[in-house]
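Participant: data15.tsv is the file, holding TSV, C-alpha atoms:
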```tsv
chain	number	residue	atom	x	y	z
A	583	MET	CA	-46.03	54.26	2.56
A	584	LYS	CA	-43.79	51.18	2.92
A	585	TYR	CA	-46.89	49.01	3.40
A	586	ILE	CA	-48.52	50.46	0.26
A	587	ILE	CA	-45.38	49.87	-1.82
A	588	LEU	CA	-45.13	46.27	-0.62
A	589	LYS	CA	-48.79	45.73	-1.39
A	590	ILE	CA	-48.38	47.10	-4.93
A	591	ILE	CA	-45.33	44.90	-5.50
A	592	SER	CA	-47.23	41.85	-4.19
A	593	ILE	CA	-50.23	42.53	-6.44
A	594	LYS	CA	-47.96	43.05	-9.45
A	595	PHE	CA	-46.07	39.82	-8.67
A	596	LEU	CA	-49.32	37.87	-8.38
A	597	PHE	CA	-50.63	39.35	-11.62
A	598	ASN	CA	-47.43	38.43	-13.48
A	599	LEU	CA	-47.54	34.95	-12.00
A	600	LEU	CA	-51.12	34.48	-13.20
A	601	ILE	CA	-50.10	35.63	-16.68
A	602	CYS	CA	-47.20	33.17	-16.60
A	603	TYR	CA	-49.67	30.33	-16.09
A	604	GLY	CA	-51.95	31.55	-18.85
A	605	PHE	CA	-54.68	32.62	-16.47
A	606	PHE	CA	-55.29	36.02	-18.03
A	607	SER	CA	-54.12	35.32	-21.56
A	608	THR	CA	-57.62	35.11	-23.05
A	609	ILE	CA	-59.15	38.36	-21.79
A	610	ASN	CA	-58.81	40.38	-24.99
A	611	TYR	CA	-60.18	38.79	-28.16
A	612	ALA	CA	-60.02	40.13	-31.66
A	613	LYS	CA	-63.42	40.41	-33.28
A	614	GLU	CA	-63.21	37.58	-35.73
A	615	PHE	CA	-65.95	35.81	-37.64
A	616	SER	CA	-66.18	32.06	-37.68
A	617	PRO	CA	-69.21	30.01	-38.73
A	618	ASN	CA	-68.55	27.91	-35.62
A	619	MET	CA	-69.36	30.80	-33.26
A	620	ILE	CA	-72.59	31.86	-31.58
A	621	ASP	CA	-72.54	34.93	-29.31
A	622	ASP	CA	-68.71	35.00	-29.30
A	623	LYS	CA	-68.45	31.37	-28.20
A	624	PHE	CA	-67.30	28.48	-30.34
A	625	GLN	CA	-69.65	25.53	-30.80
A	626	ASN	CA	-69.25	21.85	-31.52
A	627	PRO	CA	-70.18	20.58	-34.99
A	628	PRO	CA	-73.94	20.36	-35.67
A	629	GLY	CA	-75.43	17.12	-34.42
A	630	SER	CA	-72.79	16.61	-31.72
A	631	PRO	CA	-74.02	15.08	-28.44
A	632	LYS	CA	-74.97	17.45	-25.64
A	633	ARG	CA	-75.24	17.00	-21.91
A	634	ASP	CA	-78.89	16.57	-21.01
A	635	GLY	CA	-78.54	18.18	-17.59
A	636	LYS	CA	-80.11	15.18	-15.86
A	637	GLY	CA	-76.89	13.89	-14.32
A	638	LYS	CA	-76.10	14.23	-10.62
A	639	PHE	CA	-73.34	16.83	-10.44
A	640	SER	CA	-71.10	16.03	-7.49
A	641	TYR	CA	-67.64	17.51	-7.97
A	642	TRP	CA	-66.39	16.93	-4.43
A	643	THR	CA	-67.49	13.30	-4.42
A	644	PHE	CA	-65.62	12.91	-7.71
A	645	ILE	CA	-62.46	14.42	-6.19
A	646	LYS	CA	-62.68	12.13	-3.14
A	647	GLU	CA	-63.12	9.06	-5.33
A	648	LYS	CA	-60.20	10.10	-7.52
A	649	LYS	CA	-57.92	10.29	-4.48
A	650	LYS	CA	-58.69	6.64	-3.72
A	651	ILE	CA	-57.30	5.41	-7.03
A	652	LYS	CA	-54.18	3.29	-6.61
A	653	ILE	CA	-51.55	3.63	-9.29
A	654	GLU	CA	-49.67	0.45	-10.02
A	655	ILE	CA	-47.37	1.16	-12.94
A	656	PRO	CA	-46.47	-1.95	-14.97
A	657	SER	CA	-42.75	-2.54	-15.17
A	658	ASP	CA	-42.79	-2.24	-18.97
A	659	HIS	CA	-44.83	0.97	-19.17
A	660	VAL	CA	-41.78	3.25	-19.39
A	661	ILE	CA	-38.55	2.85	-21.34
A	662	ASP	CA	-35.36	3.93	-19.57
A	663	LYS	CA	-33.78	7.23	-20.56
A	664	GLU	CA	-30.56	5.71	-21.90
A	665	THR	CA	-32.44	3.41	-24.27
A	666	ILE	CA	-34.64	6.29	-25.40
A	667	GLN	CA	-31.65	8.43	-26.37
A	668	TYR	CA	-29.97	5.51	-28.14
A	669	THR	CA	-33.14	4.73	-30.13
A	670	LEU	CA	-33.57	8.39	-31.07
A	671	ASP	CA	-30.02	8.46	-32.41
A	672	GLN	CA	-30.55	5.21	-34.32
A	673	ASN	CA	-33.67	6.56	-36.03
A	674	LYS	CA	-32.44	10.03	-36.95
A	675	ASN	CA	-32.80	9.19	-40.65
A	676	ASN	CA	-36.16	7.40	-40.35
A	677	ASP	CA	-39.71	8.64	-40.23
A	678	PHE	CA	-41.02	7.73	-36.78
A	679	ILE	CA	-43.42	8.38	-33.92
A	680	MET	CA	-42.34	8.63	-30.29
A	681	TRP	CA	-44.61	8.90	-27.24
A	682	ILE	CA	-43.43	11.42	-24.64
A	683	GLY	CA	-46.58	10.99	-22.54
A	684	HIS	CA	-50.33	11.77	-22.53
A	685	ALA	CA	-50.98	13.60	-25.84
A	686	THR	CA	-47.38	14.68	-26.41
A	687	PHE	CA	-45.73	12.90	-29.34
A	688	LEU	CA	-42.79	13.47	-31.63
A	689	ILE	CA	-43.70	12.79	-35.25
A	690	LYS	CA	-40.79	12.82	-37.69
A	691	LEU	CA	-41.72	13.07	-41.36
A	692	GLY	CA	-38.77	13.70	-43.67
A	693	ASN	CA	-37.05	16.88	-42.52
A	694	ASN	CA	-40.01	17.84	-40.33
A	695	MET	CA	-39.90	17.16	-36.59
A	696	ILE	CA	-43.37	17.78	-35.17
A	697	ILE	CA	-44.38	17.90	-31.52
A	698	THR	CA	-48.02	17.68	-30.47
A	699	ASP	CA	-49.53	19.41	-27.42
A	700	PRO	CA	-46.17	19.75	-25.61
A	701	VAL	CA	-46.76	19.10	-21.90
A	702	PHE	CA	-43.70	18.62	-19.68
A	703	SER	CA	-44.70	20.04	-16.30
A	704	LYS	CA	-45.25	18.02	-13.13
A	705	ASN	CA	-48.93	18.93	-12.94
A	706	ALA	CA	-51.72	19.82	-15.34
A	707	GLY	CA	-53.05	23.01	-13.81
A	708	PRO	CA	-52.14	26.50	-12.63
A	709	PHE	CA	-49.41	26.80	-10.00
A	710	PHE	CA	-49.26	23.50	-8.09
A	711	PHE	CA	-52.95	22.68	-8.64
A	712	GLY	CA	-54.34	20.08	-11.01
A	713	PRO	CA	-53.56	16.41	-11.63
A	714	LYS	CA	-49.98	15.38	-10.94
A	715	ARG	CA	-47.96	13.30	-13.38
A	716	TYR	CA	-47.31	9.80	-12.12
A	717	VAL	CA	-44.88	9.17	-14.99
A	718	GLU	CA	-42.17	11.61	-16.05
A	719	PRO	CA	-41.94	12.76	-19.67
A	720	ALA	CA	-39.93	10.30	-21.74
A	721	ILE	CA	-37.39	13.00	-22.48
A	722	SER	CA	-36.72	16.29	-20.74
A	723	LEU	CA	-37.60	19.52	-22.50
A	724	ASN	CA	-33.97	20.60	-22.82
A	725	LYS	CA	-33.06	17.34	-24.57
A	726	ILE	CA	-35.76	17.13	-27.22
A	727	PRO	CA	-34.46	17.11	-30.79
A	728	LYS	CA	-34.76	20.22	-32.98
A	729	ILE	CA	-38.48	20.89	-33.53
A	730	ASN	CA	-39.73	22.81	-36.55
A	731	LEU	CA	-43.51	22.49	-35.99
A	732	ILE	CA	-45.79	22.56	-32.94
A	733	LEU	CA	-49.37	21.37	-33.37
A	734	GLN	CA	-51.59	22.63	-30.53
A	735	THR	CA	-55.12	21.22	-30.38
A	736	HIS	CA	-56.77	23.26	-27.57
A	737	ASN	CA	-56.15	25.13	-24.33
A	738	HIS	CA	-56.93	22.70	-21.50
A	739	TYR	CA	-54.13	22.45	-18.95
A	740	ASP	CA	-53.26	18.85	-19.78
A	741	HIS	CA	-52.61	19.94	-23.39
A	742	LEU	CA	-51.40	23.54	-23.18
A	743	ASP	CA	-48.46	23.88	-20.79
A	744	ILE	CA	-47.46	27.54	-20.44
A	745	LYS	CA	-44.46	26.69	-18.26
A	746	ALA	CA	-43.13	24.39	-20.97
A	747	LEU	CA	-43.75	27.00	-23.68
A	748	LYS	CA	-41.76	29.59	-21.73
A	749	LYS	CA	-38.81	27.18	-21.49
A	750	PHE	CA	-39.20	25.69	-24.98
A	751	PRO	CA	-35.70	25.65	-26.53
A	752	TYR	CA	-36.74	26.30	-30.15
A	753	LYS	CA	-38.69	29.56	-30.21
A	754	SER	CA	-38.21	29.93	-33.98
A	755	THR	CA	-40.33	26.85	-34.65
A	756	SER	CA	-43.62	27.22	-36.54
A	757	VAL	CA	-46.80	26.88	-34.49
A	758	ILE	CA	-50.27	25.93	-35.75
A	759	THR	CA	-53.22	26.47	-33.43
A	760	PRO	CA	-57.02	26.79	-33.63
A	761	LEU	CA	-58.50	30.29	-33.70
A	762	LYS	CA	-57.79	32.73	-30.86
A	763	MET	CA	-54.92	30.73	-29.34
A	764	LYS	CA	-52.08	32.75	-30.82
A	765	GLN	CA	-51.59	34.83	-27.68
A	766	TYR	CA	-50.53	31.83	-25.59
A	767	PHE	CA	-47.53	31.44	-27.87
A	768	SER	CA	-46.76	35.07	-28.67
A	769	SER	CA	-46.68	35.84	-24.93
A	770	THR	CA	-44.07	33.12	-24.41
A	771	GLY	CA	-41.68	34.23	-27.14
A	772	PHE	CA	-42.87	32.47	-30.30
A	773	LYS	CA	-43.06	34.50	-33.51
A	774	ASN	CA	-44.15	32.19	-36.33
A	775	ILE	CA	-47.73	31.36	-35.29
A	776	LYS	CA	-50.63	30.51	-37.58
A	777	GLU	CA	-54.23	30.27	-36.37
A	778	LEU	CA	-56.67	28.15	-38.38
A	779	ASP	CA	-60.42	27.73	-38.44
A	780	TRP	CA	-61.88	24.29	-39.14
A	781	TYR	CA	-61.07	23.04	-42.64
A	782	GLN	CA	-58.39	25.66	-43.23
A	783	ASN	CA	-54.93	24.36	-44.06
A	784	ILE	CA	-51.34	25.41	-44.36
A	785	LYS	CA	-48.42	23.96	-46.30
A	786	ILE	CA	-45.04	23.43	-44.66
A	787	GLY	CA	-42.34	23.11	-47.29
A	788	SER	CA	-43.05	21.14	-50.45
A	789	ASP	CA	-44.42	17.88	-49.07
A	790	LEU	CA	-46.33	18.57	-45.83
A	791	LYS	CA	-49.87	19.94	-45.49
A	792	VAL	CA	-51.72	20.40	-42.20
A	793	THR	CA	-55.50	20.91	-42.00
A	794	LEU	CA	-57.42	21.77	-38.85
A	795	ILE	CA	-60.67	19.79	-38.63
A	796	PRO	CA	-63.49	19.61	-36.06
A	797	ALA	CA	-63.50	17.65	-32.83
A	798	VAL	CA	-66.30	17.16	-30.31
A	799	HIS	CA	-64.85	18.96	-27.32
A	800	TRP	CA	-64.67	22.38	-25.63
A	801	SER	CA	-62.15	24.89	-24.29
A	802	LYS	CA	-61.57	26.57	-20.96
A	803	ARG	CA	-58.59	27.97	-19.11
A	804	THR	CA	-60.22	30.13	-16.44
A	805	PRO	CA	-63.69	30.53	-14.94
A	806	PHE	CA	-64.35	33.30	-17.48
A	807	ASP	CA	-63.34	31.96	-20.90
A	808	THR	CA	-65.42	28.86	-21.66
A	809	ASN	CA	-65.34	28.17	-25.41
A	810	LYS	CA	-63.68	31.50	-26.18
A	811	THR	CA	-60.92	29.70	-28.09
A	812	LEU	CA	-61.44	27.07	-30.76
A	813	TRP	CA	-60.40	23.41	-30.47
A	814	GLY	CA	-59.69	20.92	-33.22
A	815	SER	CA	-57.80	17.99	-34.66
A	816	PHE	CA	-55.13	17.92	-37.34
A	817	VAL	CA	-54.95	16.04	-40.60
A	818	ILE	CA	-51.28	15.76	-41.52
A	819	GLU	CA	-50.66	14.91	-45.17
A	820	TYR	CA	-47.12	13.90	-46.00
A	821	LYS	CA	-46.39	12.67	-49.50
A	822	ASN	CA	-48.89	9.81	-49.95
A	823	LYS	CA	-49.69	9.33	-46.23
A	824	LYS	CA	-52.49	10.77	-44.08
A	825	ILE	CA	-52.20	11.02	-40.30
A	826	LEU	CA	-55.11	12.25	-38.17
A	827	PHE	CA	-54.12	13.59	-34.76
A	828	THR	CA	-57.29	14.12	-32.76
A	829	CYS	CA	-57.86	16.74	-30.16
A	830	ASP	CA	-59.55	15.33	-27.11
A	831	THR	CA	-62.86	14.30	-28.58
A	832	GLY	CA	-66.15	12.64	-27.94
A	833	SER	CA	-67.96	10.64	-30.56
A	834	GLY	CA	-70.26	12.30	-33.07
A	835	LYS	CA	-71.63	12.00	-36.57
A	836	ILE	CA	-69.06	14.56	-37.75
A	837	TYR	CA	-66.62	11.64	-38.08
A	838	ASN	CA	-68.69	10.15	-40.90
A	839	ASP	CA	-68.26	13.46	-42.73
A	840	ILE	CA	-64.54	13.55	-41.93
A	841	GLY	CA	-64.16	10.01	-43.23
A	842	LYS	CA	-65.81	10.96	-46.52
A	843	LYS	CA	-63.75	14.13	-46.88
A	844	PHE	CA	-60.32	12.90	-45.76
A	845	GLY	CA	-60.40	9.10	-45.55
A	846	PRO	CA	-58.88	6.64	-45.75
A	847	ILE	CA	-56.56	7.63	-42.90
A	848	ASP	CA	-53.29	5.75	-42.59
A	849	ILE	CA	-52.70	6.46	-38.88
A	850	LEU	CA	-55.23	7.82	-36.39
A	851	PHE	CA	-54.20	9.11	-32.95
A	852	ILE	CA	-57.17	9.20	-30.57
A	853	ASN	CA	-57.85	9.55	-26.85
A	854	ILE	CA	-58.70	6.28	-25.08
A	855	GLY	CA	-58.45	7.46	-21.45
A	856	ALA	CA	-60.29	9.87	-19.13
A	857	TYR	CA	-63.88	8.76	-19.73
A	858	ASP	CA	-65.34	7.90	-16.29
A	859	PHE	CA	-66.48	11.13	-14.63
A	860	ARG	CA	-69.25	9.68	-12.49
A	861	PRO	CA	-70.81	10.95	-10.25
A	862	MET	CA	-70.35	14.31	-11.99
A	863	PHE	CA	-71.68	13.02	-15.31
A	864	GLU	CA	-73.26	9.70	-16.16
A	865	LYS	CA	-71.38	9.69	-19.46
A	866	SER	CA	-68.52	11.77	-20.78
A	867	ILE	CA	-69.49	13.20	-24.16
A	868	TYR	CA	-66.13	14.93	-24.68
A	869	HIS	CA	-63.76	11.98	-24.21
A	870	THR	CA	-64.35	8.75	-26.08
A	871	THR	CA	-64.29	5.41	-24.31
A	872	PRO	CA	-61.77	2.97	-25.83
A	873	GLU	CA	-64.60	1.34	-27.77
A	874	GLU	CA	-65.87	4.66	-29.11
A	875	ALA	CA	-62.32	5.52	-30.15
A	876	VAL	CA	-62.10	2.39	-32.28
A	877	GLU	CA	-65.55	3.07	-33.71
A	878	ILE	CA	-64.33	6.51	-34.82
A	879	GLY	CA	-61.39	4.74	-36.45
A	880	LYS	CA	-63.91	2.77	-38.47
A	881	MET	CA	-65.87	5.92	-39.34
A	882	VAL	CA	-62.80	7.66	-40.79
A	883	ASN	CA	-61.57	4.45	-42.42
A	884	ALA	CA	-58.33	4.39	-40.42
A	885	LYS	CA	-55.89	1.61	-41.22
A	886	LYS	CA	-54.06	1.84	-37.88
A	887	ILE	CA	-55.18	3.45	-34.61
A	888	ILE	CA	-52.84	4.72	-31.89
A	889	GLY	CA	-54.41	4.98	-28.43
A	890	MET	CA	-53.22	8.03	-26.50
A	891	HIS	CA	-54.29	10.24	-23.57
A	892	TRP	CA	-53.71	7.61	-20.90
A	893	GLY	CA	-50.89	6.34	-18.68
A	894	THR	CA	-49.67	9.78	-17.51
A	895	PHE	CA	-52.23	11.69	-15.42
A	896	ILE	CA	-55.23	10.68	-13.32
A	897	LEU	CA	-58.03	12.70	-14.90
A	898	SER	CA	-61.03	10.46	-14.22
A	899	LEU	CA	-62.13	7.43	-12.22
A	900	GLU	CA	-61.34	4.43	-14.42
A	901	ASP	CA	-58.34	2.33	-13.44
A	902	PRO	CA	-55.34	4.08	-15.08
A	903	PHE	CA	-54.38	0.93	-16.98
A	904	GLU	CA	-57.87	-0.18	-17.99
A	905	PRO	CA	-58.00	1.87	-21.24
A	906	PRO	CA	-55.36	-0.08	-23.20
A	907	LYS	CA	-56.99	-3.42	-22.32
A	908	ARG	CA	-60.44	-2.27	-23.43
A	909	PHE	CA	-58.91	-0.67	-26.52
A	910	LYS	CA	-57.28	-3.91	-27.67
A	911	ASN	CA	-60.27	-6.06	-26.74
A	912	SER	CA	-62.60	-4.00	-28.94
A	913	ALA	CA	-60.65	-4.68	-32.15
A	914	ASN	CA	-62.64	-7.61	-33.54
A	915	TYR	CA	-66.00	-6.01	-32.83
A	916	PHE	CA	-65.18	-3.19	-35.24
A	917	GLY	CA	-63.49	-5.37	-37.85
A	918	TYR	CA	-59.88	-4.75	-36.87
A	919	ASN	CA	-57.11	-7.12	-35.94
A	920	LYS	CA	-55.52	-6.46	-32.55
A	921	ASN	CA	-52.29	-5.56	-34.35
A	922	ASP	CA	-54.12	-2.66	-36.03
A	923	LEU	CA	-54.68	-1.04	-32.63
A	924	ILE	CA	-51.33	0.27	-31.46
A	925	LEU	CA	-50.10	1.08	-27.98
A	926	PHE	CA	-46.82	2.77	-27.12
A	927	LYS	CA	-44.69	2.55	-24.03
A	928	ILE	CA	-43.62	5.95	-22.79
A	929	GLY	CA	-40.40	6.70	-24.63
A	930	GLU	CA	-40.99	4.07	-27.29
A	931	ILE	CA	-40.21	4.84	-30.92
A	932	LYS	CA	-41.90	3.08	-33.82
A	933	THR	CA	-41.06	3.88	-37.42
A	934	ILE	CA	-43.90	4.77	-39.76
A	935	ASN	CA	-43.10	1.65	-41.77
A	936	GLN	CA	-43.33	-0.54	-38.66
A	937	ILE	CA	-46.69	0.94	-37.75
A	938	LEU	CA	-48.14	0.42	-41.24
A	939	GLU	CA	-46.91	-3.16	-41.63
```
What is this structure when it is put down as structure tokens?

Facilitator:
Amino acid sequence: MKYIILKIISIKFLFNLLICYGFFSTINYAKEFSPNMIDDKFQNPPGSPKRDGKGKFSYWTFIKEKKKIKIEIPSDHVIDKETIQYTLDQNKNNDFIMWIGHATFLIKLGNNMIITDPVFSKNAGPFFFGPKRYVEPAISLNKIPKINLILQTHNHYDHLDIKALKKFPYKSTSVITPLKMKQYFSSTGFKNIKELDWYQNIKIGSDLKVTLIPAVHWSKRTPFDTNKTLWGSFVIEYKNKKILFTCDTGSGKIYNDIGKKFGPIDILFINIGAYDFRPMFEKSIYHTTPEEAVEIGKMVNAKKIIGMHWGTFILSLEDPFEPPKRFKNSANYFGYNKNDLILFKIGEIKTINQILE
């Protein structure tokens, strides 16, 4: 009897632990129609690139090659914590953008403090698995300023951090997610959650509108839930400014349509890292190269482009500090000046006016 009780307790503990890491949080789905679904799975926009199946899939070779990557962090890649706090205090009355790391940014617009894809954990995966951070978040979770809006693009582990959501200090904040992602937040104590399909929008106060738009990507949290939740990017309209915060994305003709519908864009955030997945895939179709990122900027008529999704985790095989160099070097080819392509140091704050100069 004692053995049976211990076994039940162990199974229950393991089950609760798996729930804590979001492993079972997508089992039950509401029946919900979306034009982006086929057979209960979400799809990329029509005309998006697809894997041709001709690549040589070699996961273990990829893992071995990834372990060989040497991380040499430039001395100016991270701003010290004391300077970060001072700069935050100095800019409390300004509209600004601050890079916390990877795809996590603070975006202050008037009285709105927005955080994107809040990831603060030491690794991007369940338990202790998954890529480890080689740079700490610019600011600890318990020291972030008061947040009134979370924008969550999709459910991959390097973007959706269940541990951080459980510890998030402002559970009353509003949350906007793509379809079928509400449960990740409701299960961690959030109440004010709005799910959107592509091209749906919501107004926050009198001067902020957020629209979910397509991205060329996918979703997966477990071996059993591929594309069961939607992914997307956010158009943030504040007064006379438009900011496009992309989900992880590959290139695709959808960006010509987005440019016509929403352009010109004042500031585009876009992934410039995690694009070399050989020998698994000859070409990543779900993460743009730095050059493709700038090309998308041109397609949506972006005035300024912020390169993100680099400098924090090792997700692929390119040198960790290759993306920003390629990003800057591609400016002239697409008709930009190098100053139009913007890079942040981790912890750096730039005001909206500085960025748009």

Participant: List as a list in words: which residues have an atom within 10 Å of (-60.7, 5.4, -44.1), counting all atoms listed in the file?

Facilitator: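 It turns out the residues near that spot are Lys824, Asn838, Ile840, Gly841, Lys842, Lys843, Phe844, Gly845, Pro846, Ile847, Asp848, Ile849, Leu850, Gly879, Lys880, Met881, Val882, Asn883, Ala884, Lys885 and Lys886 of chain A.
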
Participant: Measure the distance from CA of Lys762 (chain A) to CA of His738 (chain A) in Å and round it to one decimal.

Facilitator: 13.7 Å

Participant: Using all atoms listed in the file, which of A:Gly692, A:Pro617, A:Pro905, A:Pro719 sits nearest Ile928 (chain A)?

Facilitator: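 For Ile928 (chain A), the nearest of the candidates is A:Pro719.
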
Participant: Dump as number ranges by chain all residues having an atom at most 7 Å from (-55.8, 18.7, -27.9), computed in the file's coordinates with all atoms listed in the file.

Facilitator: A: 699, 734-736, 741, 814, 828-830

Participant: Go through A:Thr793, A:Ser722, A:Asn774, A:Ser898 one by one, measure the shortest atom-to-atom distance of each to Ile854 (chain A) using all atoms listed in the file, and give the residue with the smallest value.

Facilitator: A:Ser898

Participant: So the first atom is CA of Leu691 (chain A) and the second is CA of Asn675 (chain A); what is the distance between them in Å, to one decimal place?

Facilitator: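 Separation of CA of Leu691 (chain A) and CA of Asn675 (chain A): 9.8 Å.
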
Participant: Can you list, as a PDB file with C-alpha atoms, in the coordinates of the input, every protein, DNA or RNA residue that comes within 10 Å of region 856-869 of chain A when you count all atoms listed in the file, leaving out same-chain residues fewer than 2 positions away?

Facilitator:
```pdb
ATOM      1  CA  SER A 630     -72.790  16.610 -31.720  1.00  0.00           C
ATOM      2  CA  PRO A 631     -74.020  15.080 -28.440  1.00  0.00           C
ATOM      3  CA  LYS A 632     -74.970  17.450 -25.640  1.00  0.00           C
ATOM      4  CA  ARG A 633     -75.240  17.000 -21.910  1.00  0.00           C
ATOM      5  CA  ASP A 634     -78.890  16.570 -21.010  1.00  0.00           C
ATOM      6  CA  GLY A 635     -78.540  18.180 -17.590  1.00  0.00           C
ATOM      7  CA  LYS A 636     -80.110  15.180 -15.860  1.00  0.00           C
ATOM      8  CA  GLY A 637     -76.890  13.890 -14.320  1.00  0.00           C
ATOM      9  CA  LYS A 638     -76.100  14.230 -10.620  1.00  0.00           C
ATOM     10  CA  PHE A 639     -73.340  16.830 -10.440  1.00  0.00           C
ATOM     11  CA  SER A 640     -71.100  16.030  -7.490  1.00  0.00           C
ATOM     12  CA  TYR A 641     -67.640  17.510  -7.970  1.00  0.00           C
ATOM     13  CA  TRP A 642     -66.390  16.930  -4.430  1.00  0.00           C
ATOM     14  CA  THR A 643     -67.490  13.300  -4.420  1.00  0.00           C
ATOM     15  CA  PHE A 644     -65.620  12.910  -7.710  1.00  0.00           C
ATOM     16  CA  ILE A 645     -62.460  14.420  -6.190  1.00  0.00           C
ATOM     17  CA  GLU A 647     -63.120   9.060  -5.330  1.00  0.00           C
ATOM     18  CA  LYS A 648     -60.200  10.100  -7.520  1.00  0.00           C
ATOM     19  CA  ALA A 797     -63.500  17.650 -32.830  1.00  0.00           C
ATOM     20  CA  VAL A 798     -66.300  17.160 -30.310  1.00  0.00           C
ATOM     21  CA  HIS A 799     -64.850  18.960 -27.320  1.00  0.00           C
ATOM     22  CA  TRP A 800     -64.670  22.380 -25.630  1.00  0.00           C
ATOM     23  CA  CYS A 829     -57.860  16.740 -30.160  1.00  0.00           C
ATOM     24  CA  ASP A 830     -59.550  15.330 -27.110  1.00  0.00           C
ATOM     25  CA  THR A 831     -62.860  14.300 -28.580  1.00  0.00           C
ATOM     26  CA  GLY A 832     -66.150  12.640 -27.940  1.00  0.00           C
ATOM     27  CA  SER A 833     -67.960  10.640 -30.560  1.00  0.00           C
ATOM     28  CA  GLY A 834     -70.260  12.300 -33.070  1.00  0.00           C
ATOM     29  CA  ILE A 852     -57.170   9.200 -30.570  1.00  0.00           C
ATOM     30  CA  ASN A 853     -57.850   9.550 -26.850  1.00  0.00           C
ATOM     31  CA  ILE A 854     -58.700   6.280 -25.080  1.00  0.00           C
ATOM     32  CA  THR A 871     -64.290   5.410 -24.310  1.00  0.00           C
ATOM     33  CA  PRO A 872     -61.770   2.970 -25.830  1.00  0.00           C
ATOM     34  CA  GLU A 874     -65.870   4.660 -29.110  1.00  0.00           C
ATOM     35  CA  ALA A 875     -62.320   5.520 -30.150  1.00  0.00           C
ATOM     36  CA  HIS A 891     -54.290  10.240 -23.570  1.00  0.00           C
ATOM     37  CA  TRP A 892     -53.710   7.610 -20.900  1.00  0.00           C
ATOM     38  CA  PHE A 895     -52.230  11.690 -15.420  1.00  0.00           C
ATOM     39  CA  ILE A 896     -55.230  10.680 -13.320  1.00  0.00           C
ATOM     40  CA  LEU A 897     -58.030  12.700 -14.900  1.00  0.00           C
ATOM     41  CA  SER A 898     -61.030  10.460 -14.220  1.00  0.00           C
ATOM     42  CA  LEU A 899     -62.130   7.430 -12.220  1.00  0.00           C
ATOM     43  CA  GLU A 900     -61.340   4.430 -14.420  1.00  0.00           C
ATOM     44  CA  ASP A 901     -58.340   2.330 -13.440  1.00  0.00           C
ATOM     45  CA  PRO A 902     -55.340   4.080 -15.080  1.00  0.00           C
ATOM     46  CA  PRO A 905     -58.000   1.870 -21.240  1.00  0.00           C
TER      47      PRO A 905
END
```

Participant: State, in Å with one decimal place, the distance from CA of Lys652 (chain A) to CA of Lys907 (chain A).

Facilitator: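 Computed distance, CA of Lys652 (chain A) to CA of Lys907 (chain A), equals 17.3 Å.
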
Participant: In terms of the shortest atom-to-atom distance over only C-alpha atoms, which of A:Thr686, A:Thr770, A:Asn911, A:Asn737 is closest to Thr894 (chain A)?

Facilitator: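 The shortest atom-to-atom distance to Thr894 (chain A) comes from A:Thr686.
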
Participant: Write out as a ChimeraX atom specification which residues come within 9 Å of Thr808 (chain A) when counting all atoms listed in the file, dropping same-chain ones fewer than 6 positions away.

Facilitator: /A:623-624,800-802

Participant: Select, from A:Phe851, A:Phe909, A:Tyr781, A:Phe702, the residue with the minimum atom-to-atom distance to Arg715 (chain A), counting only C-alpha atoms.

Facilitator: A:Phe702

Participant: Give the answer as one residue: which of A:Ser788, A:Asn694, A:Asn935, A:Asn626 has the shortest atom-to-atom distance to Lys823 (chain A), using only C-alpha atoms?

Facilitator: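 Ranking A:Ser788, A:Asn694, A:Asn935, A:Asn626 by distance to Lys823 (chain A), first place goes to A:Asn935.
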
Participant: Of the candidates A:Phe816, A:Phe710, A:Tyr716, A:Tyr837, which shows the shortest atom-to-atom distance to His659 (chain A), using only C-alpha atoms?

Facilitator: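 Under the stated criterion, the closest residue is A:Tyr716.
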
Participant: Write out as a PyMOL selection string which residues come within 8 Å of Asn783 (chain A) when counting all atoms listed in the file, dropping same-chain ones fewer than 3 positions away.

Facilitator: chain A and resi 778+791-794

Participant: Pick out the residues sitting within 6 Å of Tyr820 (chain A), and hand them over as a ChimeraX atom specification; count all atoms listed in the file, and ignore anything fewer than 2 positions along from it in its own chain.

Facilitator: /A:789-790,822-823

Participant: Could you rebuild region 877-883 of chain A with N, CA and C atoms and give it back as a CSV table (one decimal), in the frame of the given file?

Facilitator:
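Okay, part31.csv is ready:
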```csv
chain,number,residue,atom,x,y,z
A,877,GLU,N,-64.4,2.8,-32.8
A,877,GLU,CA,-65.6,3.1,-33.7
A,877,GLU,C,-65.3,4.3,-34.6
A,878,ILE,N,-64.7,5.3,-34.0
A,878,ILE,CA,-64.3,6.5,-34.8
A,878,ILE,C,-63.3,6.1,-35.9
A,879,GLY,N,-62.4,5.3,-35.5
A,879,GLY,CA,-61.4,4.7,-36.4
A,879,GLY,C,-62.1,4.1,-37.7
A,880,LYS,N,-63.1,3.4,-37.4
A,880,LYS,CA,-63.9,2.8,-38.5
A,880,LYS,C,-64.6,3.8,-39.3
A,881,MET,N,-65.1,4.9,-38.6
A,881,MET,CA,-65.9,5.9,-39.3
A,881,MET,C,-65.0,6.7,-40.3
A,882,VAL,N,-63.7,6.9,-39.9
A,882,VAL,CA,-62.8,7.7,-40.8
A,882,VAL,C,-62.0,6.7,-41.7
A,883,ASN,N,-62.3,5.4,-41.6
A,883,ASN,CA,-61.6,4.4,-42.4
A,883,ASN,C,-60.1,4.5,-42.1
```
